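Structure file entry-v2.cif (mmCIF, C-alpha atoms and all ligand atoms) follows.
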```
data_final
#
loop_
_atom_site.label_atom_id
_atom_site.label_comp_id
_atom_site.auth_asym_id
_atom_site.auth_seq_id
_atom_site.Cartn_x
_atom_site.Cartn_y
_atom_site.Cartn_z
CA MET A 1 0.00 0.00 0.00
CA GLY A 2 1.14 3.51 -0.72
CA PHE A 3 0.12 6.31 -2.94
CA LYS A 4 2.02 8.74 -5.01
CA THR A 5 0.62 11.63 -6.94
CA THR A 6 2.09 11.96 -10.41
CA GLN A 7 3.01 15.09 -12.34
CA GLU A 8 -0.36 14.77 -14.10
CA HIS A 9 -2.19 14.76 -10.76
CA GLU A 10 -0.32 17.85 -9.63
CA LEU A 11 -0.96 19.60 -12.94
CA LEU A 12 -4.68 18.91 -12.59
CA ARG A 13 -4.54 20.21 -9.00
CA GLN A 14 -2.91 23.39 -10.21
CA GLN A 15 -5.51 23.91 -12.96
CA ILE A 16 -8.42 23.35 -10.60
CA ARG A 17 -6.88 25.53 -7.91
CA GLU A 18 -6.45 28.34 -10.43
CA PHE A 19 -10.06 27.98 -11.54
CA ALA A 20 -11.28 27.96 -7.92
CA GLU A 21 -9.18 31.01 -7.03
CA THR A 22 -10.47 33.05 -9.97
CA GLU A 23 -14.00 31.76 -10.58
CA VAL A 24 -15.15 30.59 -7.16
CA LYS A 25 -13.31 32.42 -4.39
CA PRO A 26 -14.40 35.96 -5.32
CA TYR A 27 -18.07 34.93 -5.17
CA ALA A 28 -18.12 32.34 -2.37
CA PHE A 29 -19.21 34.83 0.30
CA GLN A 30 -22.10 36.09 -1.84
CA TRP A 31 -23.27 32.58 -2.82
CA ASP A 32 -23.22 31.58 0.83
CA LYS A 33 -25.18 34.65 1.84
CA GLU A 34 -27.77 34.27 -0.89
CA ASN A 35 -28.08 30.47 -0.96
CA TYR A 36 -27.13 30.81 -4.62
CA PHE A 37 -26.41 27.85 -6.93
CA PRO A 38 -23.54 28.90 -9.22
CA ALA A 39 -24.87 27.44 -12.49
CA GLU A 40 -22.54 29.57 -14.62
CA GLN A 41 -19.40 28.30 -12.86
CA VAL A 42 -20.68 24.70 -13.00
CA LYS A 43 -21.03 25.18 -16.75
CA MET A 44 -17.45 26.45 -16.95
CA MET A 45 -16.32 23.38 -15.05
CA ALA A 46 -18.30 21.20 -17.47
CA GLN A 47 -16.60 22.85 -20.44
CA LYS A 48 -13.24 21.88 -18.98
CA GLY A 49 -14.39 18.26 -18.87
CA TRP A 50 -14.24 17.99 -15.08
CA LEU A 51 -17.78 16.69 -14.66
CA GLY A 52 -16.54 13.50 -16.30
CA ILE A 53 -13.09 13.19 -14.72
CA PRO A 54 -13.13 9.48 -13.78
CA PHE A 55 -15.25 8.10 -16.63
CA PRO A 56 -13.73 6.47 -19.71
CA LYS A 57 -13.27 8.62 -22.79
CA GLU A 58 -15.56 6.30 -24.76
CA TYR A 59 -18.40 7.49 -22.48
CA GLY A 60 -17.51 11.16 -22.80
CA GLY A 61 -15.31 11.34 -19.71
CA MET A 62 -11.68 12.39 -19.25
CA GLY A 63 -10.50 8.86 -18.52
CA LEU A 64 -8.60 9.92 -15.39
CA ASP A 65 -8.25 7.90 -12.19
CA ALA A 66 -10.09 8.00 -8.87
CA LEU A 67 -7.25 9.97 -7.28
CA SER A 68 -7.60 12.72 -9.90
CA TYR A 69 -11.27 12.93 -9.02
CA ALA A 70 -10.48 13.11 -5.27
CA ILE A 71 -7.99 15.90 -5.94
CA ALA A 72 -10.61 17.79 -7.99
CA VAL A 73 -13.18 17.68 -5.19
CA GLU A 74 -10.49 18.58 -2.63
CA GLU A 75 -9.30 21.60 -4.60
CA LEU A 76 -12.79 22.99 -5.24
CA SER A 77 -13.69 22.48 -1.58
CA ARG A 78 -10.49 24.21 -0.45
CA THR A 79 -12.20 27.36 -1.68
CA ASP A 80 -15.90 26.50 -1.29
CA GLY A 81 -17.22 23.26 0.22
CA GLY A 82 -20.62 23.88 -1.38
CA PHE A 83 -19.07 24.02 -4.83
CA GLY A 84 -17.06 20.85 -4.16
CA VAL A 85 -20.12 18.78 -3.32
CA ILE A 86 -21.83 19.75 -6.58
CA LEU A 87 -19.09 17.80 -8.36
CA SER A 88 -19.06 14.99 -5.81
CA ALA A 89 -22.82 14.35 -5.97
CA HIS A 90 -22.80 14.56 -9.76
CA VAL A 91 -19.90 12.17 -10.29
CA SER A 92 -20.00 9.69 -7.41
CA LEU A 93 -23.70 9.52 -6.69
CA GLY A 94 -25.61 10.43 -9.83
CA SER A 95 -23.36 9.28 -12.68
CA TRP A 96 -21.28 6.45 -11.23
CA PRO A 97 -24.15 3.96 -10.61
CA ILE A 98 -25.17 4.36 -14.26
CA TYR A 99 -21.57 3.67 -15.28
CA ALA A 100 -21.25 0.67 -12.95
CA PHE A 101 -24.72 -0.91 -13.27
CA GLY A 102 -26.30 0.57 -16.39
CA SER A 103 -26.97 -1.25 -19.65
CA GLU A 104 -25.10 -0.05 -22.73
CA GLU A 105 -28.24 1.83 -23.85
CA GLN A 106 -28.57 3.52 -20.45
CA LYS A 107 -24.91 4.52 -20.52
CA GLN A 108 -25.23 6.03 -23.97
CA LYS A 109 -28.44 7.84 -23.10
CA TYR A 110 -27.63 9.04 -19.58
CA LEU A 111 -23.97 8.61 -18.67
CA VAL A 112 -22.49 10.17 -21.81
CA PRO A 113 -24.26 13.56 -21.39
CA CYS A 114 -23.42 13.56 -17.66
CA ALA A 115 -19.75 12.77 -18.27
CA LYS A 116 -19.58 15.40 -21.02
CA GLY A 117 -21.07 17.90 -18.59
CA GLU A 118 -24.16 18.54 -20.71
CA LYS A 119 -26.37 17.25 -17.91
CA LEU A 120 -26.07 17.29 -14.13
CA ALA A 121 -26.86 14.23 -12.03
CA ALA A 122 -28.17 13.52 -8.53
CA PHE A 123 -29.01 10.61 -6.24
CA GLY A 124 -32.30 10.09 -4.44
CA LEU A 125 -32.05 7.71 -1.50
CA THR A 126 -32.86 9.54 1.76
CA GLU A 127 -36.47 9.81 2.91
CA PRO A 128 -38.20 11.20 6.00
CA ASN A 129 -38.27 7.70 7.54
CA ALA A 130 -35.16 6.31 5.86
CA GLY A 131 -32.03 8.26 6.75
CA SER A 132 -29.32 6.15 8.41
CA ASP A 133 -31.65 3.19 7.96
CA ALA A 134 -31.65 3.43 4.18
CA GLY A 135 -33.33 0.03 3.98
CA GLY A 136 -36.47 1.66 5.40
CA THR A 137 -37.24 3.17 1.97
CA GLU A 138 -40.97 3.83 1.54
CA THR A 139 -41.11 5.26 -2.00
CA THR A 140 -42.80 2.69 -4.21
CA ALA A 141 -42.49 1.67 -7.86
CA VAL A 142 -45.29 -0.52 -9.17
CA LEU A 143 -44.96 -2.18 -12.55
CA GLU A 144 -47.90 -1.42 -14.83
CA GLY A 145 -47.39 -2.66 -18.38
CA ASP A 146 -44.39 -0.95 -19.94
CA HIS A 147 -43.67 1.42 -17.07
CA TYR A 148 -43.33 1.66 -13.29
CA LEU A 149 -45.53 4.07 -11.38
CA LEU A 150 -43.31 5.93 -8.92
CA ASN A 151 -44.78 7.46 -5.75
CA GLY A 152 -43.09 8.94 -2.72
CA GLU A 153 -40.75 11.57 -1.42
CA LYS A 154 -36.98 12.00 -1.11
CA ILE A 155 -35.40 14.61 1.15
CA PHE A 156 -32.05 16.43 1.43
CA ILE A 157 -31.11 15.73 -2.19
CA THR A 158 -27.90 17.42 -3.27
CA ASN A 159 -28.19 19.00 -6.76
CA GLY A 160 -31.97 18.60 -6.33
CA GLY A 161 -33.81 20.70 -8.89
CA GLU A 162 -30.60 21.64 -10.71
CA ALA A 163 -29.86 18.12 -11.90
CA ASP A 164 -31.41 16.63 -15.04
CA THR A 165 -30.80 12.96 -14.25
CA TYR A 166 -31.70 11.26 -10.95
CA VAL A 167 -30.89 7.78 -9.71
CA VAL A 168 -33.83 7.02 -7.42
CA PHE A 169 -34.47 4.09 -5.08
CA ALA A 170 -37.93 2.62 -4.53
CA VAL A 171 -39.60 -0.51 -3.19
CA THR A 172 -40.73 -2.85 -5.96
CA THR A 173 -41.43 -5.86 -3.72
CA PRO A 174 -42.81 -4.93 -0.30
CA ASP A 175 -42.18 -6.84 2.93
CA ILE A 176 -38.85 -8.43 1.97
CA GLY A 177 -36.62 -5.64 3.28
CA THR A 178 -33.59 -4.41 1.41
CA ARG A 179 -33.97 -7.13 -1.25
CA GLY A 180 -37.24 -5.52 -2.36
CA ILE A 181 -35.61 -2.19 -3.31
CA SER A 182 -34.81 -1.29 -6.93
CA ALA A 183 -32.98 1.60 -8.61
CA PHE A 184 -34.35 3.75 -11.42
CA ILE A 185 -33.11 6.51 -13.67
CA VAL A 186 -35.59 9.37 -13.58
CA GLU A 187 -35.53 12.53 -15.69
CA LYS A 188 -36.35 16.02 -14.52
CA GLY A 189 -39.44 17.28 -16.31
CA TRP A 190 -41.38 14.02 -16.25
CA LYS A 191 -45.02 14.48 -15.32
CA GLY A 192 -45.59 14.16 -11.58
CA PHE A 193 -41.92 14.75 -10.66
CA GLU A 194 -41.62 17.94 -8.62
CA PHE A 195 -39.24 19.65 -6.24
CA GLY A 196 -39.65 21.17 -2.80
CA ASP A 197 -38.25 24.55 -1.83
CA HIS A 198 -34.52 25.07 -1.32
CA TYR A 199 -33.53 24.11 2.20
CA ASP A 200 -32.12 26.99 4.21
CA LYS A 201 -28.94 25.27 5.41
CA LEU A 202 -26.27 26.03 8.01
CA GLY A 203 -23.49 25.59 5.44
CA ILE A 204 -22.63 24.46 1.89
CA ARG A 205 -25.17 27.05 0.84
CA SER A 206 -23.90 27.29 -2.75
CA SER A 207 -25.04 23.71 -3.31
CA ALA A 208 -28.71 23.16 -4.07
CA THR A 209 -30.49 20.80 -1.68
CA ARG A 210 -34.14 20.05 -2.31
CA GLN A 211 -36.87 17.54 -1.75
CA LEU A 212 -37.96 15.30 -4.66
CA ILE A 213 -41.67 14.56 -4.90
CA PHE A 214 -43.06 11.76 -7.06
CA ASN A 215 -46.76 11.61 -7.79
CA ASP A 216 -47.63 8.79 -10.18
CA VAL A 217 -44.47 9.38 -12.21
CA LYS A 218 -44.35 6.99 -15.17
CA VAL A 219 -40.84 5.54 -15.33
CA PRO A 220 -40.29 3.45 -18.47
CA LYS A 221 -39.38 -0.17 -17.75
CA GLU A 222 -36.06 0.31 -19.53
CA ASN A 223 -35.07 2.86 -16.87
CA LEU A 224 -34.77 0.18 -14.20
CA LEU A 225 -31.07 0.28 -13.24
CA GLY A 226 -29.66 -3.21 -12.77
CA LYS A 227 -32.21 -5.84 -11.85
CA GLU A 228 -35.32 -5.63 -9.71
CA GLY A 229 -34.29 -6.08 -6.06
CA GLN A 230 -30.69 -5.04 -6.70
CA GLY A 231 -31.29 -1.42 -5.71
CA PHE A 232 -30.04 -1.53 -2.12
CA LYS A 233 -26.75 -3.08 -3.16
CA ILE A 234 -26.42 -0.47 -5.91
CA ALA A 235 -27.03 2.24 -3.30
CA MET A 236 -24.47 0.77 -0.89
CA ALA A 237 -21.83 0.29 -3.59
CA THR A 238 -22.45 3.85 -4.81
CA LEU A 239 -22.05 5.22 -1.28
CA ASP A 240 -18.72 3.40 -0.92
CA GLY A 241 -17.38 5.58 -3.73
CA GLY A 242 -19.37 8.64 -2.66
CA ARG A 243 -17.65 8.57 0.70
CA ILE A 244 -14.32 9.14 -1.03
CA GLY A 245 -15.89 12.25 -2.55
CA ILE A 246 -17.11 13.56 0.81
CA ALA A 247 -13.78 12.68 2.44
CA SER A 248 -12.10 14.77 -0.28
CA GLN A 249 -14.55 17.59 0.31
CA ALA A 250 -13.80 17.54 4.06
CA LEU A 251 -10.06 17.42 3.37
CA GLY A 252 -10.34 20.41 1.04
CA ILE A 253 -12.35 22.45 3.55
CA ALA A 254 -9.78 21.66 6.26
CA GLN A 255 -6.92 22.62 3.95
CA GLY A 256 -8.58 25.92 3.05
CA ALA A 257 -9.25 26.84 6.68
CA TYR A 258 -5.74 25.82 7.71
CA GLU A 259 -4.05 27.92 5.03
CA SER A 260 -6.20 30.90 5.84
CA ALA A 261 -5.45 30.61 9.57
CA VAL A 262 -1.69 30.28 9.02
CA GLU A 263 -1.66 33.35 6.82
CA TYR A 264 -3.66 35.31 9.38
CA ALA A 265 -1.51 34.13 12.28
CA LYS A 266 1.64 35.33 10.51
CA ASP A 267 0.13 38.80 9.96
CA ARG A 268 -1.60 39.35 13.25
CA ILE A 269 0.66 41.04 15.77
CA GLN A 270 -0.04 40.72 19.49
CA PHE A 271 2.46 41.10 22.32
CA ASP A 272 4.91 42.54 19.74
CA LYS A 273 5.11 39.50 17.48
CA PRO A 274 2.96 37.54 15.03
CA VAL A 275 0.55 35.31 16.94
CA ALA A 276 1.86 32.39 14.83
CA PHE A 277 4.94 32.50 17.03
CA GLN A 278 3.01 32.35 20.28
CA GLN A 279 3.32 28.74 21.35
CA GLY A 280 -0.43 28.34 21.97
CA ILE A 281 -1.04 29.14 18.31
CA SER A 282 2.02 27.45 16.79
CA PHE A 283 1.09 24.17 18.50
CA LYS A 284 -2.43 24.45 17.09
CA ILE A 285 -0.94 24.95 13.63
CA ALA A 286 1.27 21.89 14.08
CA ASP A 287 -1.73 19.78 15.12
CA MET A 288 -3.85 21.04 12.23
CA ALA A 289 -1.14 20.22 9.68
CA THR A 290 -0.66 16.74 11.15
CA LYS A 291 -4.37 15.93 11.09
CA ILE A 292 -4.70 17.13 7.49
CA ARG A 293 -1.74 15.00 6.45
CA CYS A 294 -3.25 11.90 8.10
CA ALA A 295 -6.58 12.60 6.40
CA ARG A 296 -4.90 13.02 3.02
CA PHE A 297 -3.19 9.64 3.36
CA LEU A 298 -6.51 7.98 4.18
CA VAL A 299 -8.39 9.70 1.36
CA TYR A 300 -5.80 9.13 -1.35
CA SER A 301 -5.19 5.53 -0.37
CA ALA A 302 -8.94 4.77 -0.48
CA ALA A 303 -9.03 6.34 -3.98
CA GLU A 304 -6.04 4.28 -4.99
CA ARG A 305 -7.70 1.06 -3.81
CA LYS A 306 -10.84 1.91 -5.76
CA GLU A 307 -8.78 2.54 -8.87
CA GLU A 308 -6.98 -0.78 -8.46
CA HIS A 309 -10.27 -2.66 -7.97
CA GLU A 310 -9.32 -3.72 -4.47
CA PRO A 311 -12.05 -3.77 -1.80
CA TYR A 312 -12.33 -0.18 -0.59
CA GLY A 313 -15.63 0.19 1.31
CA MET A 314 -13.99 0.11 4.73
CA GLU A 315 -11.15 2.39 3.68
CA ALA A 316 -13.61 4.87 2.17
CA ALA A 317 -15.62 4.87 5.41
CA MET A 318 -12.44 5.43 7.44
CA ALA A 319 -11.39 8.28 5.16
CA LYS A 320 -14.82 9.92 5.29
CA MET A 321 -15.10 9.56 9.05
CA TYR A 322 -11.62 10.79 9.86
CA ALA A 323 -11.40 13.58 7.28
CA SER A 324 -14.76 15.00 8.34
CA ASP A 325 -14.00 14.77 12.06
CA ILE A 326 -10.70 16.57 11.63
CA ALA A 327 -12.22 19.09 9.20
CA LEU A 328 -14.48 20.22 12.00
CA GLU A 329 -11.57 20.36 14.48
CA VAL A 330 -9.31 22.20 12.05
CA CYS A 331 -12.03 24.73 11.19
CA ASN A 332 -12.72 25.23 14.88
CA ASP A 333 -9.02 25.93 15.46
CA ALA A 334 -8.92 28.23 12.45
CA VAL A 335 -11.77 30.33 13.86
CA GLN A 336 -10.01 30.32 17.24
CA ILE A 337 -6.78 31.57 15.65
CA TYR A 338 -8.68 34.38 13.93
CA GLY A 339 -10.28 35.24 17.26
CA GLY A 340 -13.13 37.76 17.07
CA ALA A 341 -12.47 38.36 13.38
CA GLY A 342 -13.19 34.71 12.66
CA TYR A 343 -16.63 35.05 14.16
CA LEU A 344 -17.71 37.59 11.58
CA LYS A 345 -19.62 36.93 8.38
CA GLY A 346 -17.41 37.45 5.38
CA THR A 347 -14.38 35.75 6.94
CA ASP A 348 -13.74 32.57 4.99
CA VAL A 349 -13.01 30.49 8.11
CA GLU A 350 -16.46 31.35 9.47
CA ARG A 351 -18.05 29.93 6.30
CA MET A 352 -15.73 26.92 6.28
CA TYR A 353 -16.57 26.15 9.91
CA ARG A 354 -20.25 25.94 8.94
CA ASP A 355 -19.51 24.07 5.70
CA ALA A 356 -17.44 21.43 7.51
CA LYS A 357 -20.27 20.29 9.79
CA ILE A 358 -22.29 18.54 7.11
CA THR A 359 -19.37 16.27 6.22
CA THR A 360 -19.79 14.43 9.53
CA ILE A 361 -23.48 13.91 8.74
CA TYR A 362 -24.19 13.18 5.09
CA GLU A 363 -23.32 10.17 2.96
CA GLY A 364 -23.70 8.24 6.18
CA THR A 365 -23.26 9.87 9.58
CA ASN A 366 -19.91 9.18 11.20
CA GLU A 367 -21.72 6.79 13.53
CA ILE A 368 -22.81 4.81 10.43
CA GLN A 369 -19.22 4.90 9.14
CA ARG A 370 -18.20 3.17 12.37
CA VAL A 371 -20.93 0.57 11.78
CA VAL A 372 -19.51 -0.05 8.29
CA ILE A 373 -15.91 -0.22 9.52
CA ALA A 374 -16.75 -2.55 12.41
CA ALA A 375 -18.83 -4.81 10.16
CA ASN A 376 -15.87 -5.11 7.79
CA ILE A 377 -13.59 -6.08 10.66
CA LEU A 378 -15.95 -8.28 12.68
CA GLY A 379 -18.41 -9.64 10.13
CA LYS A 380 -22.04 -10.32 11.02
CA GLU A 381 -23.09 -10.49 14.67
CA PRO A 382 -23.64 -14.15 15.71
CA LYS A 383 -27.36 -14.99 16.18
N1 LIG A 401 -21.80 -3.01 -1.27
C1 LIG A 401 -22.64 -3.96 -1.76
N2 LIG A 401 -23.58 -4.56 -1.02
C2 LIG A 401 -23.69 -4.21 0.27
C3 LIG A 401 -22.85 -3.25 0.86
C4 LIG A 401 -21.87 -2.64 0.04
N3 LIG A 401 -21.02 -1.72 0.52
N4 LIG A 401 -23.18 -3.09 2.16
C5 LIG A 401 -24.18 -3.94 2.39
N5 LIG A 401 -24.49 -4.62 1.25
C6 LIG A 401 -25.50 -5.67 1.09
C7 LIG A 401 -25.32 -6.75 2.15
O1 LIG A 401 -24.37 -7.70 1.72
C8 LIG A 401 -26.71 -7.33 2.25
O2 LIG A 401 -26.91 -8.23 1.18
P1 LIG A 401 -27.82 -9.56 1.32
O3 LIG A 401 -29.23 -9.08 1.34
O4 LIG A 401 -27.51 -10.33 0.08
O5 LIG A 401 -27.40 -10.24 2.60
C9 LIG A 401 -27.60 -6.13 2.03
O6 LIG A 401 -26.80 -5.13 1.34
C10 LIG A 401 -28.12 -5.53 3.31
O7 LIG A 401 -27.01 -5.22 4.10
P2 LIG A 401 -27.12 -4.90 5.64
O8 LIG A 401 -27.91 -5.98 6.32
O9 LIG A 401 -25.75 -4.59 6.17
O10 LIG A 401 -28.03 -3.57 5.61
P3 LIG A 401 -28.59 -2.67 6.78
O11 LIG A 401 -30.02 -2.43 6.53
O12 LIG A 401 -28.17 -3.21 8.11
O13 LIG A 401 -27.86 -1.25 6.53
C11 LIG A 401 -26.12 0.39 6.62
C12 LIG A 401 -26.51 -1.08 6.47
C13 LIG A 401 -24.61 0.40 6.43
C14 LIG A 401 -26.46 0.97 7.97
C15 LIG A 401 -26.81 1.22 5.48
O14 LIG A 401 -28.20 1.34 5.71
C16 LIG A 401 -26.22 2.60 5.32
O15 LIG A 401 -25.18 2.78 4.67
N6 LIG A 401 -26.87 3.65 5.87
C17 LIG A 401 -26.47 5.01 5.66
C18 LIG A 401 -27.17 5.59 4.47
C19 LIG A 401 -26.40 6.71 3.86
O16 LIG A 401 -25.18 6.73 3.79
N7 LIG A 401 -27.14 7.70 3.31
C20 LIG A 401 -26.53 8.76 2.63
C21 LIG A 401 -27.48 9.33 1.63
S1 LIG A 401 -26.70 10.11 0.27
C22 LIG A 401 -26.09 11.56 0.80
O17 LIG A 401 -26.07 11.89 1.94
C23 LIG A 401 -25.48 12.34 -0.30
C24 LIG A 401 -25.37 13.78 -0.21
O18 LIG A 401 -26.23 14.48 0.29
C25 LIG A 401 -24.23 14.41 -0.83
#
```
Please, can you express the file's structure as structure tokens?
Amino acid sequence: MGFKTTQEHELLRQQIREFAETEVKPYAFQWDKENYFPAEQVKMMAQKGWLGIPFPKEYGGMGLDALSYAIAVEELSRTDGGFGVILSAHVSLGSWPIYAFGSEEQKQKYLVPCAKGEKLAAFGLTEPNAGSDAGGTETTAVLEGDHYLLNGEKIFITNGGEADTYVVFAVTTPDIGTRGISAFIVEKGWKGFEFGDHYDKLGIRSSATRQLIFNDVKVPKENLLGKEGQGFKIAMATLDGGRIGIASQALGIAQGAYESAVEYAKDRIQFDKPVAFQQGISFKIADMATKIRCARFLVYSAAERKEEHEPYGMEAAMAKMYASDIALEVCNDAVQIYGGAGYLKGTDVERMYRDAKITTIYEGTNEIQRVVIAANILGKEPK
């Protein structure tokens, strides 16, 4: 085990950092304040090919590896965590299951435009009564002739309303638990498919999060993803990869807050010297840097395992759990280093502190990550 970024990885990092510095950073405060989805900048990112980073060229992607994708999410999130998750939800959650489980026709019809950046994708799993217990899905899909009739509600959906293509999970066979859940590809604009209002969130306010509402939506039979009953496994496998995305997002937020705090600490003079050289602050900086380095190892090595087709579910859960926990700690320290100034709106560490919190909650709370990690180590509990 061991990872090494190549010159190509570092070149991509540089390009994305430049884009984030010029096209995202100047507006991040305003987007956060106004709960504004930056469609124009997402389009610019699409034109650069980044919405298809890890997908093969034959499907319209860039044909790069999982580590390149992790670096992309990290770099965008270093400037704006909300912007980073737009890419993560599009690639890992909305597009990847079509790539991994779709038929050739489905890939041509849905993956290619997503990978080319012509369409945005999203993932509809969470429901009011099925959060951590994703198997408690209540949305139903009933086969009627050549289509399924989809009814139900999904909540907290990243890219909700902005995305064109949704991978949605619904019960096709009731009363048999997770084996009765199936996955479907659903298009925005279909009759009966509507969106709730934008949630007014604590952080990641530049990402759109909305409720999906299905009222007798006719989903053609050919939009069943995989086989009937395979949906829960598709969701779980998708989340394995998605957690690398969120781990990268958390890592990027931590990196951004850390850099900002170091810069501030070098400039801020108290007791006749920069606060960076007061031991209380310099030790904080040392701890922040160490935590970020540990997180980066975990995140990149999970990406590397995914790329090499080694089992990576546990490693992705570890990366997501650790990177998000330390992102919160690092952001907390960054605000502390800024002191009163860090408590004011308009200071980037204030926004990052709020943005970081969601990373310990979504794509599986960190308590669920521990369930996943322990299950990988211990196996099933004896009956
Ligand atoms: N890959 C493939 N299959 C898997 C799997 C995986 N990683 N994990 C479990 N499975 C299979 C099991 O093998 C089992 O198969 P069989 O029926 O053949 O035995 C089946 O799925 C059921 O497994 P479990 O009994 O372990 O399922 P469970 O009901 O106990 O739930 C859980 C397990 C890990 C708690 C799961 O419910 C879970 O991950 N919950 C968290 C949900 C989550 O992460 N939601 C995030 C929503 S998306 C989001 O947040 C995105 C965003 O906004 C950006």
What do you get as a short mmCIF file (atom, residue, chain, number, x, y, z; two decimals) with C-alpha atoms, keeping the file's coordinate frame if you pick all residues at most 9 Å from ligand LIG 401 (chain A), counting all atoms listed in the file?
```
data_model
loop_
_atom_site.label_atom_id
_atom_site.label_comp_id
_atom_site.auth_asym_id
_atom_site.auth_seq_id
_atom_site.Cartn_x
_atom_site.Cartn_y
_atom_site.Cartn_z
CA VAL A 85 -20.12 18.78 -3.32
CA ILE A 86 -21.83 19.75 -6.58
CA SER A 88 -19.06 14.99 -5.81
CA ALA A 89 -22.82 14.35 -5.97
CA LEU A 93 -23.70 9.52 -6.69
CA ALA A 122 -28.17 13.52 -8.53
CA PHE A 123 -29.01 10.61 -6.24
CA GLY A 124 -32.30 10.09 -4.44
CA LEU A 125 -32.05 7.71 -1.50
CA THR A 126 -32.86 9.54 1.76
CA ALA A 130 -35.16 6.31 5.86
CA GLY A 131 -32.03 8.26 6.75
CA SER A 132 -29.32 6.15 8.41
CA ASP A 133 -31.65 3.19 7.96
CA ALA A 134 -31.65 3.43 4.18
CA GLY A 135 -33.33 0.03 3.98
CA GLY A 136 -36.47 1.66 5.40
CA PHE A 156 -32.05 16.43 1.43
CA ILE A 157 -31.11 15.73 -2.19
CA THR A 158 -27.90 17.42 -3.27
CA ASN A 159 -28.19 19.00 -6.76
CA GLY A 177 -36.62 -5.64 3.28
CA THR A 178 -33.59 -4.41 1.41
CA ARG A 179 -33.97 -7.13 -1.25
CA THR A 209 -30.49 20.80 -1.68
CA GLN A 230 -30.69 -5.04 -6.70
CA PHE A 232 -30.04 -1.53 -2.12
CA LYS A 233 -26.75 -3.08 -3.16
CA ILE A 234 -26.42 -0.47 -5.91
CA ALA A 235 -27.03 2.24 -3.30
CA MET A 236 -24.47 0.77 -0.89
CA ALA A 237 -21.83 0.29 -3.59
CA THR A 238 -22.45 3.85 -4.81
CA LEU A 239 -22.05 5.22 -1.28
CA ASP A 240 -18.72 3.40 -0.92
CA GLY A 242 -19.37 8.64 -2.66
CA ARG A 243 -17.65 8.57 0.70
CA GLY A 245 -15.89 12.25 -2.55
CA ILE A 246 -17.11 13.56 0.81
CA TYR A 312 -12.33 -0.18 -0.59
CA GLY A 313 -15.63 0.19 1.31
CA MET A 314 -13.99 0.11 4.73
CA ILE A 358 -22.29 18.54 7.11
CA THR A 359 -19.37 16.27 6.22
CA ILE A 361 -23.48 13.91 8.74
CA TYR A 362 -24.19 13.18 5.09
CA GLU A 363 -23.32 10.17 2.96
CA GLY A 364 -23.70 8.24 6.18
CA THR A 365 -23.26 9.87 9.58
CA ILE A 368 -22.81 4.81 10.43
CA GLN A 369 -19.22 4.90 9.14
CA VAL A 371 -20.93 0.57 11.78
CA VAL A 372 -19.51 -0.05 8.29
CA ALA A 375 -18.83 -4.81 10.16
CA LYS A 380 -22.04 -10.32 11.02
#
```
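Using all atoms listed in the file, the contacts of Arg210 of chain A at a cut-off of 7 Å, with sequence neighbours closer than 3 positions omitted, comprise Ile155, Phe156, Ile157, Thr158, Gly160, Gly161, Phe195, Gly196, Asp197, His198 and Tyr199 of chain A.
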Store the residues picked out above, limited to C-alpha atoms, as a short mmCIF file (atom, residue, chain, number, x, y, z; two decimals), in the coordinates of the input.
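Everything below was put into again-v6.cif:
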```
data_model
loop_
_atom_site.label_atom_id
_atom_site.label_comp_id
_atom_site.auth_asym_id
_atom_site.auth_seq_id
_atom_site.Cartn_x
_atom_site.Cartn_y
_atom_site.Cartn_z
CA ILE A 155 -35.40 14.61 1.15
CA PHE A 156 -32.05 16.43 1.43
CA ILE A 157 -31.11 15.73 -2.19
CA THR A 158 -27.90 17.42 -3.27
CA GLY A 160 -31.97 18.60 -6.33
CA GLY A 161 -33.81 20.70 -8.89
CA PHE A 195 -39.24 19.65 -6.24
CA GLY A 196 -39.65 21.17 -2.80
CA ASP A 197 -38.25 24.55 -1.83
CA HIS A 198 -34.52 25.07 -1.32
CA TYR A 199 -33.53 24.11 2.20
#
```
Which residue gives the smallest distance to Met44 of chain A among A:Lys284, A:Arg293, A:Lys116, A:Arg78, with only C-alpha atoms counted?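 Nearest candidate to Met44 of chain A out of A:Lys284, A:Arg293, A:Lys116, A:Arg78: A:Lys116.
Atom CA of Leu51 of chain A lies 8.3 Å from atom CA of Leu120 of chain A.
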Neighbours of segment 269-275 of chain A within 12 Å (only C-alpha atoms; same-chain residues fewer than 4 positions away dropped), as a list in words?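 Listed by chain and then number, they are Ala261, Val262, Glu263, Tyr264, Ala265, Gln279, Gly280, Ile281, Ser282, Phe283, Lys284, Ile285, Gln336, Ile337, Tyr338 and Gly339 of chain A.
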Near Arg305 of chain A, counting all atoms listed in the file, which residues have an atom at most 12 Å away, once you skip same-chain residues fewer than 3 positions from it, shown as a VMD selection string? chain A and resid 1 to 3 65 to 67 240 to 241 244 298 to 302 308 to 316
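Between Gly63 of chain A and the residues A:Ala208, A:Trp50, A:Thr347, A:Pro26, the shortest atom-to-atom distance, using all atoms listed in the file, involves A:Trp50.
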So that I can check the surroundings of Gly152 of chain A, please list as a PyMOL selection string every protein, DNA and RNA residue that reaches within 10 Å of it, counting all atoms listed in the file and ignoring chain neighbours fewer than 4 positions away. chain A and resi 127+137-141+170+193+212-217
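Atom pair atom CA of Asp175 of chain A / atom CA of Val142 of chain A has a distance of 14.0 Å (rounded to one decimal).
Across the model, the gap from atom CA of Glu105 of chain A to atom CA of Gly60 of chain A is 14.3 Å.
Of the residues listed (A:Gly231, A:Ser92, A:Val330, A:Lys266), A:Val330 shows the shortest atom-to-atom separation from Ala356 of chain A; distances use all atoms listed in the file.
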